>>> print(open('work_35.txt').read())   # compact mmCIF, C-alpha atoms
# COMPACT_ATOMS: atom_id res chain seq x y z
CA MET A 251 32.37 63.22 42.87
CA SER A 252 34.08 60.28 44.56
CA LEU A 253 36.89 60.11 41.98
CA VAL A 254 39.88 62.44 42.06
CA LEU A 255 40.98 61.59 38.51
CA ASP A 256 40.24 64.48 36.18
CA PRO A 257 36.94 63.89 34.29
CA ALA A 258 38.67 64.40 30.94
CA ALA A 259 41.08 61.60 31.85
CA GLN A 260 38.15 59.39 32.91
CA ASP A 261 36.61 59.95 29.49
CA LEU A 262 39.87 59.37 27.62
CA LEU A 263 40.65 56.10 29.38
CA PHE A 264 37.21 54.61 30.06
CA ARG A 265 34.01 56.49 29.32
CA GLU A 266 34.63 57.61 25.74
CA ALA A 267 37.33 55.10 24.83
CA ARG A 268 36.07 52.28 22.66
CA THR A 269 37.34 49.15 20.97
CA ALA A 270 37.93 50.36 17.41
CA ASN A 271 37.11 48.26 14.36
CA THR A 272 38.38 50.73 11.74
CA PHE A 273 41.44 53.01 11.75
CA THR A 274 42.89 55.97 9.87
CA ASP A 275 46.17 55.63 7.96
CA GLU A 276 48.12 57.66 10.52
CA PRO A 277 51.12 55.56 11.65
CA VAL A 278 51.78 54.56 15.24
CA THR A 279 55.38 55.50 15.89
CA GLU A 280 58.08 53.75 17.88
CA GLU A 281 58.15 56.81 20.14
CA GLN A 282 54.46 56.35 20.96
CA VAL A 283 54.92 52.69 21.84
CA GLN A 284 57.92 53.55 24.01
CA ALA A 285 55.94 56.24 25.81
CA ILE A 286 53.08 53.79 26.40
CA TYR A 287 55.47 51.18 27.79
CA ASP A 288 57.30 53.70 29.95
CA LEU A 289 53.99 54.59 31.58
CA VAL A 290 52.36 51.19 32.01
CA LYS A 291 55.48 49.32 33.11
CA TYR A 292 54.72 50.72 36.58
CA GLY A 293 51.43 48.83 36.90
CA PRO A 294 51.68 46.29 39.73
CA THR A 295 52.29 42.55 39.28
CA SER A 296 52.85 39.81 41.87
CA MET A 297 56.44 40.11 43.11
CA ASN A 298 57.01 42.56 40.25
CA GLN A 299 57.37 39.57 37.95
CA SER A 300 56.39 41.60 34.86
CA PRO A 301 55.81 38.64 32.50
CA LEU A 302 54.15 40.53 29.62
CA ARG A 303 55.98 40.49 26.31
CA ILE A 304 54.95 42.51 23.25
CA THR A 305 55.60 41.61 19.63
CA LEU A 306 55.05 44.53 17.24
CA VAL A 307 54.06 43.25 13.82
CA ARG A 308 55.42 45.93 11.51
CA SER A 309 56.62 44.20 8.34
CA ALA A 310 54.19 43.48 5.50
CA GLU A 311 55.30 39.87 5.43
CA ALA A 312 54.63 39.34 9.15
CA ARG A 313 51.31 41.17 8.95
CA GLU A 314 50.16 38.88 6.15
CA ARG A 315 51.07 35.78 8.15
CA LEU A 316 49.25 37.14 11.19
CA VAL A 317 46.08 38.04 9.28
CA GLY A 318 45.87 34.44 8.11
CA LEU A 319 45.76 33.35 11.76
CA MET A 320 42.88 35.63 12.75
CA ALA A 321 39.23 34.61 12.91
CA GLU A 322 37.46 35.70 9.74
CA GLY A 323 35.66 38.59 11.43
CA ASN A 324 38.98 39.98 12.67
CA GLN A 325 40.97 39.71 9.43
CA LYS A 326 40.03 42.95 7.68
CA LYS A 327 40.71 45.20 10.66
CA THR A 328 43.96 43.39 11.45
CA ALA A 329 45.06 43.87 7.83
CA THR A 330 44.36 47.60 7.90
CA ALA A 331 45.29 48.75 11.43
CA PRO A 332 48.35 51.06 11.54
CA LEU A 333 50.00 48.78 14.09
CA VAL A 334 49.25 45.30 15.40
CA ALA A 335 50.79 43.85 18.55
CA ILE A 336 50.82 40.29 19.85
CA LEU A 337 50.76 40.20 23.65
CA SER A 338 52.16 37.11 25.34
CA ALA A 339 53.14 35.78 28.75
CA ASP A 340 56.78 34.79 29.30
CA ASN A 341 56.69 31.54 31.26
CA GLU A 342 60.41 31.89 31.97
CA PHE A 343 59.94 35.29 33.67
CA HIS A 344 61.66 33.91 36.78
CA GLU A 345 65.03 34.37 35.08
CA GLU A 346 64.60 38.14 35.56
CA LEU A 347 63.25 37.94 39.12
CA PRO A 348 66.52 38.41 41.00
CA ALA A 349 66.81 41.82 39.29
CA LEU A 350 63.09 42.65 39.41
CA PHE A 351 62.45 41.62 43.00
CA PRO A 352 65.71 42.07 44.87
CA HIS A 353 64.02 41.67 48.30
CA PHE A 354 63.67 37.96 47.69
CA PRO A 355 66.19 36.74 45.10
CA GLN A 356 65.57 33.12 46.11
CA ALA A 357 62.06 33.25 44.58
CA LYS A 358 63.47 32.23 41.20
CA ASP A 359 64.59 28.84 42.50
CA THR A 360 61.96 28.21 45.17
CA VAL A 361 58.46 29.63 44.59
CA PHE A 362 58.86 29.57 40.81
CA SER A 363 61.02 26.49 40.28
CA ALA A 364 58.11 24.57 38.69
CA ARG A 365 57.03 25.46 35.16
CA GLU A 366 53.38 24.78 35.99
CA VAL A 367 53.45 27.36 38.81
CA ARG A 368 55.13 29.86 36.51
CA GLU A 369 52.55 29.34 33.77
CA GLY A 370 49.68 30.09 36.14
CA SER A 371 51.35 33.15 37.59
CA ALA A 372 52.48 34.43 34.19
CA ALA A 373 48.95 34.08 32.78
CA LEU A 374 47.41 36.15 35.57
CA ASN A 375 50.08 38.82 35.72
CA ALA A 376 50.58 39.20 31.99
CA SER A 377 46.80 39.62 31.71
CA LEU A 378 46.92 42.42 34.26
CA GLN A 379 49.70 44.01 32.23
CA ALA A 380 47.70 43.56 29.02
CA ALA A 381 44.96 45.66 30.60
CA TYR A 382 47.50 48.29 31.68
CA PHE A 383 48.77 48.30 28.08
CA ILE A 384 45.25 48.87 26.71
CA ILE A 385 44.88 51.79 29.13
CA GLY A 386 48.28 53.07 27.99
CA VAL A 387 47.28 52.94 24.32
CA ARG A 388 44.30 55.10 25.23
CA ALA A 389 46.56 57.43 27.23
CA ALA A 390 48.43 58.01 23.96
CA GLY A 391 45.20 59.17 22.33
CA LEU A 392 44.93 55.98 20.32
CA ALA A 393 42.23 53.34 20.11
CA ALA A 394 42.97 49.73 20.98
CA GLY A 395 41.21 46.80 19.37
CA PRO A 396 42.00 43.76 21.54
CA MET A 397 41.04 40.41 19.99
CA THR A 398 40.95 36.84 21.26
CA GLY A 399 39.32 35.44 18.14
CA VAL A 400 42.65 34.14 16.87
CA ASP A 401 44.44 30.85 16.19
CA PHE A 402 46.50 30.88 19.37
CA ALA A 403 48.43 27.71 18.55
CA GLY A 404 49.28 29.09 15.13
CA ILE A 405 50.43 32.41 16.59
CA GLN A 406 52.63 30.67 19.12
CA LYS A 407 54.19 28.56 16.37
CA GLU A 408 54.64 31.37 13.84
CA PHE A 409 55.63 34.26 16.08
CA LEU A 410 56.67 33.01 19.53
CA ASP A 411 58.32 29.97 21.04
CA ASP A 412 57.44 27.26 23.56
CA ASP A 413 58.20 29.58 26.47
CA HIS A 414 55.70 32.27 25.47
CA THR A 415 51.91 31.86 25.66
CA PRO A 416 49.95 34.27 23.45
CA LEU A 417 47.18 36.19 25.26
CA MET A 418 45.63 38.40 22.62
CA VAL A 419 46.27 40.45 19.50
CA ILE A 420 45.68 44.21 19.61
CA ASN A 421 45.07 46.58 16.73
CA ILE A 422 46.30 50.08 17.51
CA GLY A 423 45.67 53.40 15.78
CA LYS A 424 43.48 56.44 15.42
CA PRO A 425 39.84 55.38 14.98
CA GLY A 426 38.51 55.64 11.41
CA GLU A 427 35.00 55.95 9.99
CA ASP A 428 32.26 54.00 11.72
CA ALA A 429 34.89 52.71 14.11
CA TRP A 430 32.50 51.11 16.55
CA PHE A 431 29.09 49.68 17.25
CA PRO A 432 26.85 51.34 19.85
CA ARG A 433 28.21 50.51 23.29
CA SER A 434 26.85 47.30 24.77
CA PRO A 435 25.30 47.43 28.25
CA ARG A 436 27.30 46.75 31.37
CA LEU A 437 26.31 44.81 34.47
CA GLU A 438 24.75 46.83 37.29
CA TYR A 439 26.78 47.35 40.45
CA ASP A 440 24.57 44.94 42.40
CA GLN A 441 25.14 42.19 39.83
CA VAL A 442 28.89 42.40 40.35
CA VAL A 443 29.51 43.51 43.91
CA THR A 444 28.43 41.67 47.07
CA THR A 445 29.26 42.58 50.65
CA VAL A 446 29.98 40.15 53.48
CA MET B 71 55.38 64.06 24.78
CA SER B 72 53.80 61.14 22.99
CA LEU B 73 51.02 60.74 25.56
CA VAL B 74 47.91 62.91 25.54
CA LEU B 75 46.85 61.90 29.07
CA ASP B 76 47.46 64.75 31.51
CA PRO B 77 50.79 64.25 33.37
CA ALA B 78 49.02 64.55 36.74
CA ALA B 79 46.76 61.68 35.73
CA GLN B 80 49.79 59.65 34.60
CA ASP B 81 51.30 60.17 38.03
CA LEU B 82 48.08 59.37 39.88
CA LEU B 83 47.47 56.11 38.01
CA PHE B 84 50.97 54.82 37.28
CA ARG B 85 54.07 56.84 38.08
CA GLU B 86 53.41 57.80 41.70
CA ALA B 87 50.82 55.13 42.52
CA ARG B 88 52.25 52.31 44.60
CA THR B 89 51.12 49.07 46.18
CA ALA B 90 50.47 50.11 49.80
CA ASN B 91 51.40 47.96 52.76
CA THR B 92 50.00 50.28 55.46
CA PHE B 93 46.84 52.37 55.54
CA THR B 94 45.26 55.19 57.51
CA ASP B 95 41.98 54.64 59.41
CA GLU B 96 39.92 56.64 56.90
CA PRO B 97 37.02 54.45 55.72
CA VAL B 98 36.43 53.55 52.09
CA THR B 99 32.79 54.33 51.46
CA GLU B 100 30.19 52.52 49.42
CA GLU B 101 29.95 55.64 47.26
CA GLN B 102 33.66 55.40 46.42
CA VAL B 103 33.38 51.74 45.42
CA GLN B 104 30.35 52.53 43.29
CA ALA B 105 32.19 55.38 41.57
CA ILE B 106 35.16 53.10 40.89
CA TYR B 107 32.90 50.43 39.42
CA ASP B 108 30.95 52.92 37.34
CA LEU B 109 34.22 54.03 35.74
CA VAL B 110 36.00 50.73 35.20
CA LYS B 111 32.98 48.75 34.03
CA TYR B 112 33.66 50.30 30.61
CA GLY B 113 37.04 48.58 30.24
CA PRO B 114 36.91 46.13 27.32
CA THR B 115 36.49 42.35 27.63
CA SER B 116 36.06 39.66 24.96
CA MET B 117 32.46 39.84 23.72
CA ASN B 118 31.78 42.16 26.66
CA GLN B 119 31.58 39.08 28.86
CA SER B 120 32.45 41.04 32.02
CA PRO B 121 33.18 38.02 34.27
CA LEU B 122 34.75 39.91 37.22
CA ARG B 123 32.90 39.66 40.52
CA ILE B 124 33.84 41.63 43.65
CA THR B 125 33.24 40.56 47.25
CA LEU B 126 33.67 43.43 49.72
CA VAL B 127 34.72 42.08 53.11
CA ARG B 128 33.23 44.62 55.51
CA SER B 129 32.11 42.71 58.62
CA ALA B 130 34.58 42.03 61.43
CA GLU B 131 33.66 38.36 61.37
CA ALA B 132 34.33 37.99 57.65
CA ARG B 133 37.56 39.97 57.91
CA GLU B 134 38.83 37.65 60.63
CA ARG B 135 38.07 34.59 58.53
CA LEU B 136 39.82 36.14 55.53
CA VAL B 137 42.94 37.12 57.47
CA GLY B 138 43.32 33.48 58.53
CA LEU B 139 43.49 32.54 54.84
CA MET B 140 46.25 35.00 53.93
CA ALA B 141 49.95 34.17 53.74
CA GLU B 142 51.67 35.24 56.94
CA GLY B 143 53.33 38.26 55.37
CA ASN B 144 49.94 39.54 54.17
CA GLN B 145 47.97 39.06 57.39
CA LYS B 146 48.74 42.28 59.25
CA LYS B 147 47.96 44.60 56.37
CA THR B 148 44.81 42.65 55.50
CA ALA B 149 43.68 42.95 59.12
CA THR B 150 44.19 46.72 59.19
CA ALA B 151 43.20 47.92 55.70
CA PRO B 152 40.04 50.08 55.67
CA LEU B 153 38.49 47.83 53.03
CA VAL B 154 39.41 44.44 51.61
CA ALA B 155 37.95 43.02 48.40
CA ILE B 156 38.09 39.50 46.98
CA LEU B 157 38.15 39.55 43.18
CA SER B 158 36.90 36.45 41.40
CA ALA B 159 35.99 35.18 37.93
CA ASP B 160 32.39 34.03 37.35
CA ASN B 161 32.65 30.87 35.27
CA GLU B 162 28.92 31.08 34.57
CA PHE B 163 29.22 34.53 32.99
CA HIS B 164 27.57 33.19 29.84
CA GLU B 165 24.18 33.43 31.55
CA GLU B 166 24.43 37.23 31.20
CA LEU B 167 25.79 37.21 27.63
CA PRO B 168 22.49 37.59 25.76
CA ALA B 169 22.03 40.90 27.60
CA LEU B 170 25.71 41.94 27.50
CA PHE B 171 26.40 41.04 23.87
CA PRO B 172 23.11 41.39 22.02
CA HIS B 173 24.82 41.20 18.59
CA PHE B 174 25.34 37.47 19.09
CA PRO B 175 22.89 36.07 21.61
CA GLN B 176 23.69 32.51 20.51
CA ALA B 177 27.18 32.76 22.03
CA LYS B 178 25.84 31.56 25.35
CA ASP B 179 24.89 28.16 23.94
CA THR B 180 27.54 27.76 21.26
CA VAL B 181 30.96 29.33 21.89
CA PHE B 182 30.57 29.11 25.66
CA SER B 183 28.57 25.91 26.09
CA ALA B 184 31.57 24.08 27.61
CA ARG B 185 32.61 24.91 31.16
CA GLU B 186 36.29 24.44 30.31
CA VAL B 187 36.09 27.11 27.60
CA ARG B 188 34.28 29.44 29.97
CA GLU B 189 36.88 28.96 32.69
CA GLY B 190 39.71 29.93 30.34
CA SER B 191 37.89 32.95 28.99
CA ALA B 192 36.71 34.06 32.44
CA ALA B 193 40.24 33.84 33.85
CA LEU B 194 41.68 36.07 31.12
CA ASN B 195 38.89 38.61 31.06
CA ALA B 196 38.37 38.85 34.82
CA SER B 197 42.13 39.44 35.11
CA LEU B 198 41.86 42.32 32.64
CA GLN B 199 39.02 43.69 34.73
CA ALA B 200 41.04 43.24 37.94
CA ALA B 201 43.66 45.53 36.42
CA TYR B 202 40.99 48.06 35.43
CA PHE B 203 39.74 47.88 39.02
CA ILE B 204 43.23 48.58 40.42
CA ILE B 205 43.45 51.60 38.10
CA GLY B 206 39.99 52.67 39.28
CA VAL B 207 41.00 52.46 42.95
CA ARG B 208 43.86 54.80 42.12
CA ALA B 209 41.50 57.07 40.19
CA ALA B 210 39.60 57.46 43.47
CA GLY B 211 42.78 58.73 45.16
CA LEU B 212 43.20 55.48 47.06
CA ALA B 213 46.02 52.97 47.18
CA ALA B 214 45.46 49.35 46.17
CA GLY B 215 47.36 46.46 47.69
CA PRO B 216 46.71 43.46 45.42
CA MET B 217 47.84 40.11 46.85
CA THR B 218 48.11 36.60 45.46
CA GLY B 219 49.81 35.18 48.55
CA VAL B 220 46.55 33.66 49.76
CA ASP B 221 44.93 30.28 50.34
CA PHE B 222 42.87 30.31 47.14
CA ALA B 223 41.10 27.01 47.85
CA GLY B 224 40.18 28.26 51.33
CA ILE B 225 38.87 31.56 49.96
CA GLN B 226 36.76 29.79 47.38
CA LYS B 227 35.30 27.50 50.06
CA GLU B 228 34.71 30.20 52.68
CA PHE B 229 33.59 33.13 50.53
CA LEU B 230 32.60 31.95 47.06
CA ASP B 231 31.10 28.86 45.42
CA ASP B 232 32.11 26.30 42.81
CA ASP B 233 31.24 28.67 39.97
CA HIS B 234 33.62 31.45 41.08
CA THR B 235 37.41 31.23 40.88
CA PRO B 236 39.26 33.65 43.17
CA LEU B 237 41.93 35.76 41.42
CA MET B 238 43.36 37.97 44.15
CA VAL B 239 42.61 39.88 47.34
CA ILE B 240 43.03 43.67 47.35
CA ASN B 241 43.53 45.96 50.32
CA ILE B 242 42.12 49.42 49.66
CA GLY B 243 42.59 52.71 51.51
CA LYS B 244 44.62 55.84 51.97
CA PRO B 245 48.32 54.95 52.39
CA GLY B 246 49.63 55.14 55.96
CA GLU B 247 53.11 55.59 57.41
CA ASP B 248 55.97 53.83 55.62
CA ALA B 249 53.39 52.52 53.17
CA TRP B 250 55.86 51.11 50.68
CA PHE B 251 59.33 49.88 49.93
CA PRO B 252 61.48 51.73 47.39
CA ARG B 253 60.16 50.96 43.92
CA SER B 254 61.67 47.87 42.33
CA PRO B 255 63.22 48.19 38.86
CA ARG B 256 61.24 47.53 35.70
CA LEU B 257 62.34 45.74 32.55
CA GLU B 258 63.78 47.93 29.81
CA TYR B 259 61.73 48.46 26.65
CA ASP B 260 64.06 46.24 24.63
CA GLN B 261 63.63 43.38 27.10
CA VAL B 262 59.87 43.41 26.60
CA VAL B 263 59.18 44.61 23.07
CA THR B 264 60.36 42.94 19.86
CA THR B 265 59.48 43.91 16.30
CA VAL B 266 58.88 41.57 13.38
>>> encode(input="work_35.txt", output="structure tokens")
Amino acid sequence: MSLVLDPAAQDLLFREARTANTFTDEPVTEEQVQAIYDLVKYGPTSMNQSPLRITLVRSAEARERLVGLMAEGNQKKTATAPLVAILSADNEFHEELPALFPHFPQAKDTVFSAREVREGSAALNASLQAAYFIIGVRAAGLAAGPMTGVDFAGIQKEFLDDDHTPLMVINIGKPGEDAWFPRSPRLEYDQVVTTV
Amino acid sequence: MSLVLDPAAQDLLFREARTANTFTDEPVTEEQVQAIYDLVKYGPTSMNQSPLRITLVRSAEARERLVGLMAEGNQKKTATAPLVAILSADNEFHEELPALFPHFPQAKDTVFSAREVREGSAALNASLQAAYFIIGVRAAGLAAGPMTGVDFAGIQKEFLDDDHTPLMVINIGKPGEDAWFPRSPRLEYDQVVTTV
């Protein structure tokens, strides 16, 4: 075994974890989301810029608006998941940089003075954090159902503002009946990895 | 405890794992990289598109070329890390989609017929997979040192082709002496999470 991570943890996070399409009624509590965040906040980002923002859609009114912005094939599961979260990138993350990256407080006004540079960096780093969040949901014993089949412009308008770019919507909960399709194949090592 | 993941695994992957700046001489073997890939390949991507590609820089000649393309502050650690990997997004991932997503073999020629659409989707999904890979490196008991302070255009020209967009360079190995700075602060839950 080349991995030191406990095999049960490998299964929980990767091998047996699946993108769920159905969920039980069991609620996802605020304490669970806090525990997930308190774990995955330590995942690395460039200069610790930490641009991911999370919008928990908990009210019935907000859920209904969100469902209307999902692709048709995503609507039913988004309507019935115990919790739905909108993940976005904060393009004004540089405002927090002097606190987050005290080694180089000038970064806010030099490296990241241009919005275009911030948008590129926020997209990459918030995507990394989105993956850490998915892993964290699984670490809480829950299934994540990340979706990009959404009306991104509509979500930005209805739920965010001009400074936040939506990345994905994630259904969260305990998997229900027939929660997933058979697992699709993955690329072989030699299709992905080359050595120079 | 709201998490079901074993606390030792939480520490290994998030709480005690750190971005290393120095490494020991212990090699990172092909078997370790294969074990990492065989774990993290299961991380979810949109339509299972799996666009991440990994270039392992193992030869002295290639390492020297790569070091010359790193920002000055990243050169020494990139020169001395046991293994360095270039992570990139394959913008032609749709060629593999009929095998990877057999539910919807038409996706290759419909949803992803336009290069611009593929580039956006590959950037997001390869970034998710880059995060899974960082977690996988840690699952192997190794430290990852992801870096975006690099000459991306130079890396694309020297190591990739027009169909692959470089995302980051990662040093991999056992942490050496004085491997890291004190951990920088993270945002509080209420700075990141809002509820609607």
>>> residues_around(input="work_35.txt", residues="Trp250 in chain B", least_positions_apart="4", cutoff="9 Å", atoms="all atoms listed in the file", output="list in words")
Arg88, Thr89, Ala90, Asn91, Thr92 and Pro245 of chain B
>>> residues_around(input="work_35.txt", residues="Ala141 in chain B", least_positions_apart="3", cutoff="9 Å", atoms="all atoms listed in the file", output="count of residues only")
8
>>> closest_atom_pairs(input="work_35.txt", of="chain B", to="chain A", cutoff="6 Å", atoms="all atoms listed in the file", output="CSV")
residue,atom,partner,partner_atom,distance
B:Ser72,CA,A:Gln282,CA,5.2
B:Leu73,CA,A:Ala390,CA,4.1
B:Val74,CA,A:Ala390,CA,5.2
B:Leu75,CA,A:Ala389,CA,4.8
B:Phe84,CA,A:Tyr292,CA,5.6
B:Gln102,CA,A:Ser252,CA,5.2
B:Tyr112,CA,A:Phe264,CA,5.6
B:Arg123,CA,A:Val442,CA,4.9
B:Ile124,CA,A:Val443,CA,4.7
B:Thr125,CA,A:Thr444,CA,4.9
B:Leu126,CA,A:Thr445,CA,4.6
B:Val127,CA,A:Val446,CA,5.1
B:Arg128,CA,A:Val446,CA,5.9
B:Leu170,CA,A:Pro435,CA,5.6
B:Ser197,CA,A:Leu378,CA,5.7
B:Leu198,CA,A:Ala381,CA,5.0
B:Ala201,CA,A:Leu378,CA,5.0
B:Ala209,CA,A:Leu255,CA,4.9
B:Ala210,CA,A:Leu253,CA,4.1
B:Gly211,CA,A:Val254,CA,5.6
B:Pro255,CA,A:Leu350,CA,5.6
B:Val262,CA,A:Arg303,CA,4.9
B:Val263,CA,A:Ile304,CA,4.7
B:Thr264,CA,A:Thr305,CA,4.9
B:Thr265,CA,A:Leu306,CA,4.6
B:Val266,CA,A:Val307,CA,5.1
>>> atom_distance(input="work_35.txt", atom1="CA of Gln406 in chain A", atom2="CA of Ser363 in chain A")
23.1 Å
>>> atom_distance(input="work_35.txt", atom1="CA of Val334 in chain A", atom2="CA of Glu314 in chain A")
11.3 Å
>>> axis_aligned_box(input="work_35.txt", around="range 85-95 of chain B", padding_each_side="3 Å", output="JSON")
{"center_x": 48.0, "center_y": 52.9, "center_z": 48.7, "size_x": 18.1, "size_y": 15.8, "size_z": 27.3}
>>> atom_distance(input="work_35.txt", atom1="CA of Asp248 in chain B", atom2="CA of Lys147 in chain B")
12.2 Å
>>> closest_residue(input="work_35.txt", among="B:Glu165, B:Glu247, B:Asp95, B:Asp233", to="Lys178 in chain B", atoms="all atoms listed in the file")
B:Glu165
